[in-house]
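See below for coords-v9.pdb, which holds PDB, C-alpha atoms.
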```
ATOM      1  CA  MET A  22       0.000   0.000   0.000
ATOM      2  CA  ARG A  23       2.806   2.409   0.887
ATOM      3  CA  GLN A  24       4.482   1.726  -2.428
ATOM      4  CA  THR A  25       1.212   2.364  -4.282
ATOM      5  CA  PHE A  26       0.799   5.792  -2.653
ATOM      6  CA  LYS A  27       4.417   6.664  -3.380
ATOM      7  CA  LEU A  28       4.028   5.683  -7.054
ATOM      8  CA  LEU A  29       0.857   7.756  -7.226
ATOM      9  CA  GLY A  30       2.726  10.707  -5.760
ATOM     10  CA  MET A  31       5.498  10.267  -8.311
ATOM     11  CA  ALA A  32       2.952  10.265 -11.152
ATOM     12  CA  LEU A  33       1.377  13.458  -9.863
ATOM     13  CA  GLY A  34       4.849  14.972  -9.578
ATOM     14  CA  LEU A  35       5.594  14.246 -13.220
ATOM     15  CA  ILE A  36       2.299  15.822 -14.291
ATOM     16  CA  PHE A  37       3.015  18.868 -12.159
ATOM     17  CA  ALA A  38       6.517  19.126 -13.609
ATOM     18  CA  THR A  39       5.122  19.187 -17.147
ATOM     19  CA  SER A  40       2.354  21.763 -16.646
ATOM     20  CA  GLU A  41       3.975  23.957 -14.005
ATOM     21  CA  GLY A  42       7.673  23.394 -14.688
ATOM     22  CA  ALA A  43       8.759  26.953 -14.037
ATOM     23  CA  ILE A  44       6.983  27.063 -10.675
ATOM     24  CA  ALA A  45       8.333  23.693  -9.593
ATOM     25  CA  GLN A  46      11.884  24.736 -10.385
ATOM     26  CA  SER A  47      11.525  27.934  -8.339
ATOM     27  CA  LEU A  48      10.351  25.929  -5.342
ATOM     28  CA  LEU A  49      13.282  23.519  -5.309
ATOM     29  CA  PRO A  50      15.709  23.652  -2.376
ATOM     30  CA  SER A  51      19.072  25.169  -3.290
ATOM     31  CA  ASN A  52      20.988  21.978  -2.469
ATOM     32  CA  PRO A  53      18.616  19.005  -2.657
ATOM     33  CA  SER A  54      19.950  15.842  -1.059
ATOM     34  CA  PRO A  55      20.571  12.984  -3.470
ATOM     35  CA  PRO A  56      17.999  10.163  -3.308
ATOM     36  CA  SER A  57      18.949   7.054  -1.434
ATOM     37  CA  ALA A  58      19.723   3.839  -3.250
ATOM     38  CA  PRO A  59      16.885   1.924  -1.478
ATOM     39  CA  ALA A  60      14.358   4.530  -2.651
ATOM     40  CA  ALA A  61      15.496   4.201  -6.253
ATOM     41  CA  ALA A  62      15.390   0.424  -6.014
ATOM     42  CA  GLU A  63      11.935   0.465  -4.428
ATOM     43  CA  LEU A  64      10.564   2.468  -7.347
ATOM     44  CA  ASN A  65      12.379   0.334  -9.924
ATOM     45  CA  LEU A  66      13.951   3.441 -11.453
ATOM     46  CA  ASP A  67      17.465   3.940 -12.671
ATOM     47  CA  PRO A  68      19.289   6.021  -9.975
ATOM     48  CA  ALA A  69      20.811   8.118 -12.765
ATOM     49  CA  THR A  70      17.310   9.126 -13.877
ATOM     50  CA  ILE A  71      16.469  10.405 -10.399
ATOM     51  CA  GLU A  72      19.815  12.177 -10.045
ATOM     52  CA  ASN A  73      19.092  14.117 -13.247
ATOM     53  CA  SER A  74      15.590  15.139 -12.124
ATOM     54  CA  PRO A  75      15.407  17.769  -9.334
ATOM     55  CA  VAL A  76      11.607  17.394  -9.271
ATOM     56  CA  LEU A  77      11.825  13.665  -8.564
ATOM     57  CA  GLN A  78      14.457  14.305  -5.904
ATOM     58  CA  ARG A  79      12.172  16.695  -4.083
ATOM     59  CA  TRP A  80       9.210  14.316  -4.198
ATOM     60  CA  LEU A  81      11.417  11.499  -2.845
ATOM     61  CA  GLN A  82      12.485  13.665   0.082
ATOM     62  CA  GLU A  83       8.972  14.887   0.944
ATOM     63  CA  VAL A  84       5.672  15.129  -0.905
ATOM     64  CA  PRO A  85       5.070  18.929  -1.161
ATOM     65  CA  ASN A  86       1.779  20.729  -0.702
ATOM     66  CA  VAL A  87       1.387  21.539  -4.383
ATOM     67  CA  GLN A  88      -1.874  23.462  -3.981
ATOM     68  CA  SER A  89      -0.386  25.717  -1.315
ATOM     69  CA  ASP A  90       2.805  26.290  -3.328
ATOM     70  CA  ILE A  91       0.899  27.304  -6.450
ATOM     71  CA  ARG A  92      -1.495  29.508  -4.478
ATOM     72  CA  HIS A  93       1.253  31.528  -2.808
ATOM     73  CA  ASP A  94       3.820  31.591  -5.603
ATOM     74  CA  PRO A  95       3.343  35.001  -7.358
ATOM     75  CA  ALA A  96       1.275  34.915 -10.544
ATOM     76  CA  PHE A  97       3.240  37.957 -11.794
ATOM     77  CA  ARG A  98       6.914  38.889 -11.743
ATOM     78  CA  THR A  99       9.141  41.879 -11.000
ATOM     79  CA  ARG A 100       9.686  43.893 -14.180
ATOM     80  CA  VAL A 101      12.181  46.565 -15.305
ATOM     81  CA  ARG A 102      10.729  48.832 -18.006
ATOM     82  CA  LEU A 103      12.112  51.111 -20.720
ATOM     83  CA  GLY A 104       9.757  52.605 -23.256
ATOM     84  CA  TYR A 105       8.378  55.280 -25.557
ATOM     85  CA  SER A 106       5.621  57.736 -24.587
ATOM     86  CA  ASN A 107       3.430  59.968 -26.716
ATOM     87  CA  LEU A 108       0.892  62.714 -25.962
ATOM     88  CA  PRO A 109      -1.797  62.486 -28.693
ATOM     89  CA  SER A 110      -3.073  66.010 -27.928
ATOM     90  CA  SER A 111       0.237  67.670 -28.836
ATOM     91  CA  GLY A 112       2.057  64.961 -30.774
ATOM     92  CA  ASP A 113       5.069  65.257 -28.450
ATOM     93  CA  SER A 114       7.071  62.118 -27.650
ATOM     94  CA  GLY A 115       9.365  61.092 -24.842
ATOM     95  CA  VAL A 116      10.551  58.227 -22.670
ATOM     96  CA  ASN A 117       9.418  56.302 -19.636
ATOM     97  CA  VAL A 118      11.420  54.048 -17.331
ATOM     98  CA  GLY A 119      10.447  52.150 -14.231
ATOM     99  CA  ILE A 120      10.530  49.074 -12.079
ATOM    100  CA  GLU A 121       7.343  47.274 -11.076
ATOM    101  CA  ASP A 122       6.460  45.061  -8.125
ATOM    102  CA  VAL A 123       9.689  44.384  -6.252
ATOM    103  CA  PHE A 124       8.516  41.813  -3.698
ATOM    104  CA  VAL A 125       9.186  42.225   0.003
ATOM    105  CA  GLY A 126       9.934  38.626   0.952
ATOM    106  CA  ARG A 127       6.935  36.351   0.346
ATOM    107  CA  SER A 128       4.470  38.924   1.641
ATOM    108  CA  GLY A 129       1.864  40.705  -0.455
ATOM    109  CA  ILE A 130       3.836  43.963  -0.240
ATOM    110  CA  THR A 131       5.684  45.252  -3.316
ATOM    111  CA  ALA A 132       7.522  48.472  -4.227
ATOM    112  CA  SER A 133       7.437  50.271  -7.586
ATOM    113  CA  ALA A 134       8.972  53.436  -9.069
ATOM    114  CA  ASP A 135       8.818  55.197 -12.449
ATOM    115  CA  TYR A 136       9.865  58.291 -14.378
ATOM    116  CA  GLN A 137       8.180  59.748 -17.481
ATOM    117  CA  ARG A 138       9.146  62.758 -19.568
ATOM    118  CA  VAL A 139       7.513  64.116 -22.714
ATOM    119  CA  SER A 140       8.770  67.515 -23.915
ATOM    120  CA  ASP A 141       8.541  69.852 -20.891
ATOM    121  CA  ARG A 142       6.065  67.596 -19.048
ATOM    122  CA  GLN A 143       7.289  65.045 -16.565
ATOM    123  CA  SER A 144       6.035  62.752 -13.845
ATOM    124  CA  TYR A 145       7.910  60.615 -11.352
ATOM    125  CA  GLY A 146       7.263  58.827  -8.117
ATOM    126  CA  ALA A 147       7.404  55.677  -6.031
ATOM    127  CA  GLU A 148       4.733  53.658  -4.277
ATOM    128  CA  ALA A 149       4.105  50.623  -2.110
ATOM    129  CA  ARG A 150       1.355  48.146  -2.970
ATOM    130  CA  TYR A 151      -0.300  45.615  -0.698
ATOM    131  CA  TYR A 152      -1.955  42.778  -2.604
ATOM    132  CA  VAL A 153      -4.923  41.698  -0.504
ATOM    133  CA  LEU A 154      -5.422  38.229  -2.018
ATOM    134  CA  PRO A 155      -2.784  35.447  -2.122
ATOM    135  CA  LEU A 156      -0.047  36.233  -4.636
ATOM    136  CA  GLY A 157      -0.920  33.147  -6.682
ATOM    137  CA  SER A 158      -4.445  34.402  -7.400
ATOM    138  CA  TYR A 159      -5.300  35.149 -11.000
ATOM    139  CA  VAL A 160      -7.180  38.278  -9.863
ATOM    140  CA  ASN A 161      -5.800  40.559  -7.163
ATOM    141  CA  VAL A 162      -6.473  43.976  -5.646
ATOM    142  CA  ALA A 163      -3.884  46.256  -4.034
ATOM    143  CA  PRO A 164      -4.296  49.546  -2.169
ATOM    144  CA  THR A 165      -1.350  51.815  -3.042
ATOM    145  CA  VAL A 166       0.395  54.637  -1.209
ATOM    146  CA  GLY A 167       3.451  56.678  -2.141
ATOM    147  CA  TYR A 168       4.770  59.996  -3.449
ATOM    148  CA  ARG A 169       4.424  61.556  -6.928
ATOM    149  CA  HIS A 170       5.474  64.735  -8.720
ATOM    150  CA  VAL A 171       3.440  65.772 -11.767
ATOM    151  CA  GLU A 172       4.176  68.573 -14.225
ATOM    152  CA  SER A 173       2.046  69.640 -17.187
ATOM    153  CA  ASP A 174       1.823  72.772 -19.320
ATOM    154  CA  ARG A 175      -0.286  74.501 -16.648
ATOM    155  CA  ASP A 176       0.192  72.553 -13.415
ATOM    156  CA  SER A 177       2.993  71.406 -11.142
ATOM    157  CA  VAL A 178       1.852  69.244  -8.245
ATOM    158  CA  ASP A 179       3.659  66.968  -5.831
ATOM    159  CA  GLY A 180       2.645  65.160  -2.677
ATOM    160  CA  ALA A 181       1.130  61.975  -1.304
ATOM    161  CA  ASN A 182      -0.209  59.548  -3.892
ATOM    162  CA  VAL A 183      -2.951  57.114  -2.815
ATOM    163  CA  GLY A 184      -5.093  54.769  -4.863
ATOM    164  CA  VAL A 185      -5.991  51.207  -5.763
ATOM    165  CA  ARG A 186      -4.784  48.722  -8.380
ATOM    166  CA  LEU A 187      -6.639  45.794  -9.975
ATOM    167  CA  MET A 188      -4.378  43.040 -11.343
ATOM    168  CA  LEU A 189      -5.491  40.301 -13.762
ATOM    169  CA  SER A 190      -2.855  37.608 -14.344
ATOM    170  CA  LEU A 191      -3.659  35.618 -17.482
ATOM    171  CA  SER A 192      -0.584  33.416 -17.008
ATOM    172  CA  ARG A 193       1.163  32.225 -13.852
ATOM    173  CA  THR A 194       4.585  32.859 -15.398
ATOM    174  CA  GLY A 195       4.031  36.562 -16.133
ATOM    175  CA  ALA A 196       3.565  35.810 -19.841
ATOM    176  CA  ALA A 197       0.400  37.912 -20.035
ATOM    177  CA  ASP A 198      -1.441  40.209 -17.652
ATOM    178  CA  ALA A 199      -3.539  43.352 -17.447
ATOM    179  CA  SER A 200      -3.887  45.987 -14.750
ATOM    180  CA  LEU A 201      -6.096  48.983 -14.057
ATOM    181  CA  SER A 202      -5.119  51.585 -11.472
ATOM    182  CA  GLN A 203      -6.625  54.771 -10.125
ATOM    183  CA  SER A 204      -4.647  57.144  -7.911
ATOM    184  CA  PHE A 205      -4.822  60.690  -6.581
ATOM    185  CA  VAL A 206      -1.880  63.026  -6.036
ATOM    186  CA  ALA A 207      -2.273  65.535  -3.179
ATOM    187  CA  PRO A 208      -5.778  64.208  -2.439
ATOM    188  CA  GLY A 209      -8.232  66.534  -0.756
ATOM    189  CA  THR A 210      -6.401  69.703  -1.808
ATOM    190  CA  ALA A 211      -7.142  72.300  -4.485
ATOM    191  CA  ASP A 212      -4.256  70.867  -6.538
ATOM    192  CA  GLU A 213      -5.512  67.246  -6.520
ATOM    193  CA  VAL A 214      -4.572  65.285  -9.651
ATOM    194  CA  GLY A 215      -6.363  62.090 -10.654
ATOM    195  CA  ILE A 216      -4.433  59.499 -12.688
ATOM    196  CA  THR A 217      -6.063  56.490 -14.377
ATOM    197  CA  THR A 218      -3.795  53.893 -16.017
ATOM    198  CA  LEU A 219      -4.641  50.784 -18.052
ATOM    199  CA  SER A 220      -1.705  48.475 -18.824
ATOM    200  CA  LEU A 221      -1.396  45.293 -20.897
ATOM    201  CA  GLY A 222       1.671  43.054 -21.117
ATOM    202  CA  TYR A 223       2.599  40.033 -23.249
ATOM    203  CA  ALA A 224       5.813  38.008 -23.144
ATOM    204  CA  LEU A 225       8.000  37.648 -26.237
ATOM    205  CA  THR A 226      10.528  35.344 -24.564
ATOM    206  CA  ARG A 227      10.998  33.844 -21.111
ATOM    207  CA  HIS A 228      12.302  37.152 -19.738
ATOM    208  CA  LEU A 229      11.320  39.831 -22.282
ATOM    209  CA  ARG A 230       7.836  41.339 -22.541
ATOM    210  CA  LEU A 231       6.117  43.959 -24.656
ATOM    211  CA  SER A 232       3.720  46.207 -22.763
ATOM    212  CA  THR A 233       1.385  49.051 -23.631
ATOM    213  CA  ASP A 234      -0.358  51.517 -21.362
ATOM    214  CA  LEU A 235      -2.974  54.226 -21.666
ATOM    215  CA  GLN A 236      -2.986  56.953 -19.031
ATOM    216  CA  GLN A 237      -5.442  59.763 -18.357
ATOM    217  CA  GLN A 238      -4.264  62.585 -16.086
ATOM    218  CA  ASN A 239      -6.795  65.094 -14.755
ATOM    219  CA  ALA A 240      -5.221  68.160 -13.144
ATOM    220  CA  PRO A 241      -7.091  71.280 -11.907
ATOM    221  CA  ARG A 242      -6.237  73.340 -15.007
ATOM    222  CA  SER A 243      -5.307  70.769 -17.630
ATOM    223  CA  LYS A 244      -5.924  67.230 -18.826
ATOM    224  CA  ASP A 245      -3.353  64.980 -20.495
ATOM    225  CA  ARG A 246      -3.643  61.619 -22.180
ATOM    226  CA  ARG A 247      -0.500  59.538 -22.595
ATOM    227  CA  VAL A 248       0.114  56.419 -24.693
ATOM    228  CA  GLY A 249       3.152  54.253 -23.952
ATOM    229  CA  VAL A 250       4.859  51.239 -25.528
ATOM    230  CA  SER A 251       7.640  49.579 -23.539
ATOM    231  CA  LEU A 252       9.978  46.621 -23.358
ATOM    232  CA  GLU A 253      10.065  44.925 -19.967
ATOM    233  CA  TRP A 254      12.680  42.593 -18.552
ATOM    234  CA  MET A 255      11.183  40.095 -16.099
ATOM    235  CA  LEU A 256      13.368  39.204 -13.122
TER     236      LEU A 256
END
```

Kindly present the structure from the file in structure tokens form.
Amino acid sequence: MRQTFKLLGMALGLIFATSEGAIAQSLLPSNPSPPSAPAAAELNLDPATIENSPVLQRWLQEVPNVQSDIRHDPAFRTRVRLGYSNLPSSGDSGVNVGIEDVFVGRSGITASADYQRVSDRQSYGAEARYYVLPLGSYVNVAPTVGYRHVESDRDSVDGANVGVRLMLSLSRTGAADASLSQSFVAPGTADEVGITTLSLGYALTRHLRLSTDLQQQNAPRSKDRRVGVSLEWML
């Protein structure tokens, strides 16, 4: 009976390795202990086969809680961004750079920062996000808080930046996702600026993504709409 359960566990491990290979690899211990000779003999497998399979080694040591691992392993990845920005109202173009969702341990807290400049208009800031649902969820919501400086042709505002972000992960490896965020700079003051951003990302390779974003900025005396196209490197 024990051998039957162990063989069943091994079969599940192989299925998991095929469909969630990237996640399984990230969960492996840094120095897995080699399987024992009796274990290899009990399973009627060539020891060399087990030695060349980190997934099998982990399952021989201890059957993991696969559901828990998948649920708490992030469904999106840290990204470094460099891109092109355009203001359709004026036709001016510029650049945007940033880093998104640097994880604080295995908590739901991340840090992000960005800088955008188009002609004489610029915006920069940093914020912390707290994802309320488990990081492995395909849909997540995060309150955000930070600092932002915004300049337009008629306004220059800086101060606290608070808002909320909705994240939709279409792939657990960061291959495709969408996000919608709404934030307010200097909320509650006469200079309050509302910023709405819709972003879409799609992976070209294992580490490189193409992303686009549409941003509407509503300041007291002016409104700007920005369109961006960026390359992102996933860490």

Give me the residues near Ser133 of chain A as a list in words, where near means some atom within 8 Å (using only C-alpha atoms) and where sequence neighbours in that chain fewer than 5 positions away do not count.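 With the cut-off at 8 Å, the set is Gly119, Ile120, Glu121, Asp122, Val123, Ala147, Glu148, Ala149 and Arg150 of chain A.
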
One number please: atom CA of Leu225 of chain A to atom CA of Gly157 of chain A, in Å, one decimal.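 If I compute the distance from atom CA of Leu225 of chain A to atom CA of Gly157 of chain A, I get 22.0 Å.
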
Close residues, Ala207 of chain A itself excluded, 10 Å, only C-alpha atoms, min 2 positions apart in chain, as a ChimeraX atom specification: /A:168-170,178-183,204-205,209-215

Find the spatial neighbours of Ser111 of chain A, counting all atoms listed in the file, within a cut-off of 10 Å - ignore same-chain residues fewer than 3 positions away - and output them as a short mmCIF file (atom, residue, chain, number, x, y, z; two decimals) with C-alpha atoms, in the frame of the given file.
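The new file selection03.cif reads:
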```cif
data_model
loop_
_atom_site.label_atom_id
_atom_site.label_comp_id
_atom_site.auth_asym_id
_atom_site.auth_seq_id
_atom_site.Cartn_x
_atom_site.Cartn_y
_atom_site.Cartn_z
CA ASN A 107 3.43 59.97 -26.72
CA LEU A 108 0.89 62.71 -25.96
CA SER A 114 7.07 62.12 -27.65
CA SER A 140 8.77 67.52 -23.92
CA ASP A 245 -3.35 64.98 -20.50
CA ARG A 246 -3.64 61.62 -22.18
#
```

To one decimal place, how far is atom CA of Pro164 of chain A from atom CA of Tyr152 of chain A in Å? 7.2 Å

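Every protein, DNA or RNA residue with an atom at most 12 Å from Glu172 of chain A, where all atoms listed in the file count and chain neighbours fewer than 6 positions away do not, is listed here: Tyr136, Gln137, Arg138, Val139, Ser140, Asp141, Arg142, Gln143, Ser144, Tyr145, Gly146, Val178, Asp179, Val206, Asp212, Val214, Gln238, Asn239, Ala240, Pro241, Arg242, Ser243, Lys244 and Asp245 of chain A.
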
Result set of the PyMOL selection byres ((chain A and resi 185) around 6) on the coordinates above, as a VMD selection string: chain A and resid 163 to 165 184 186 202 to 203
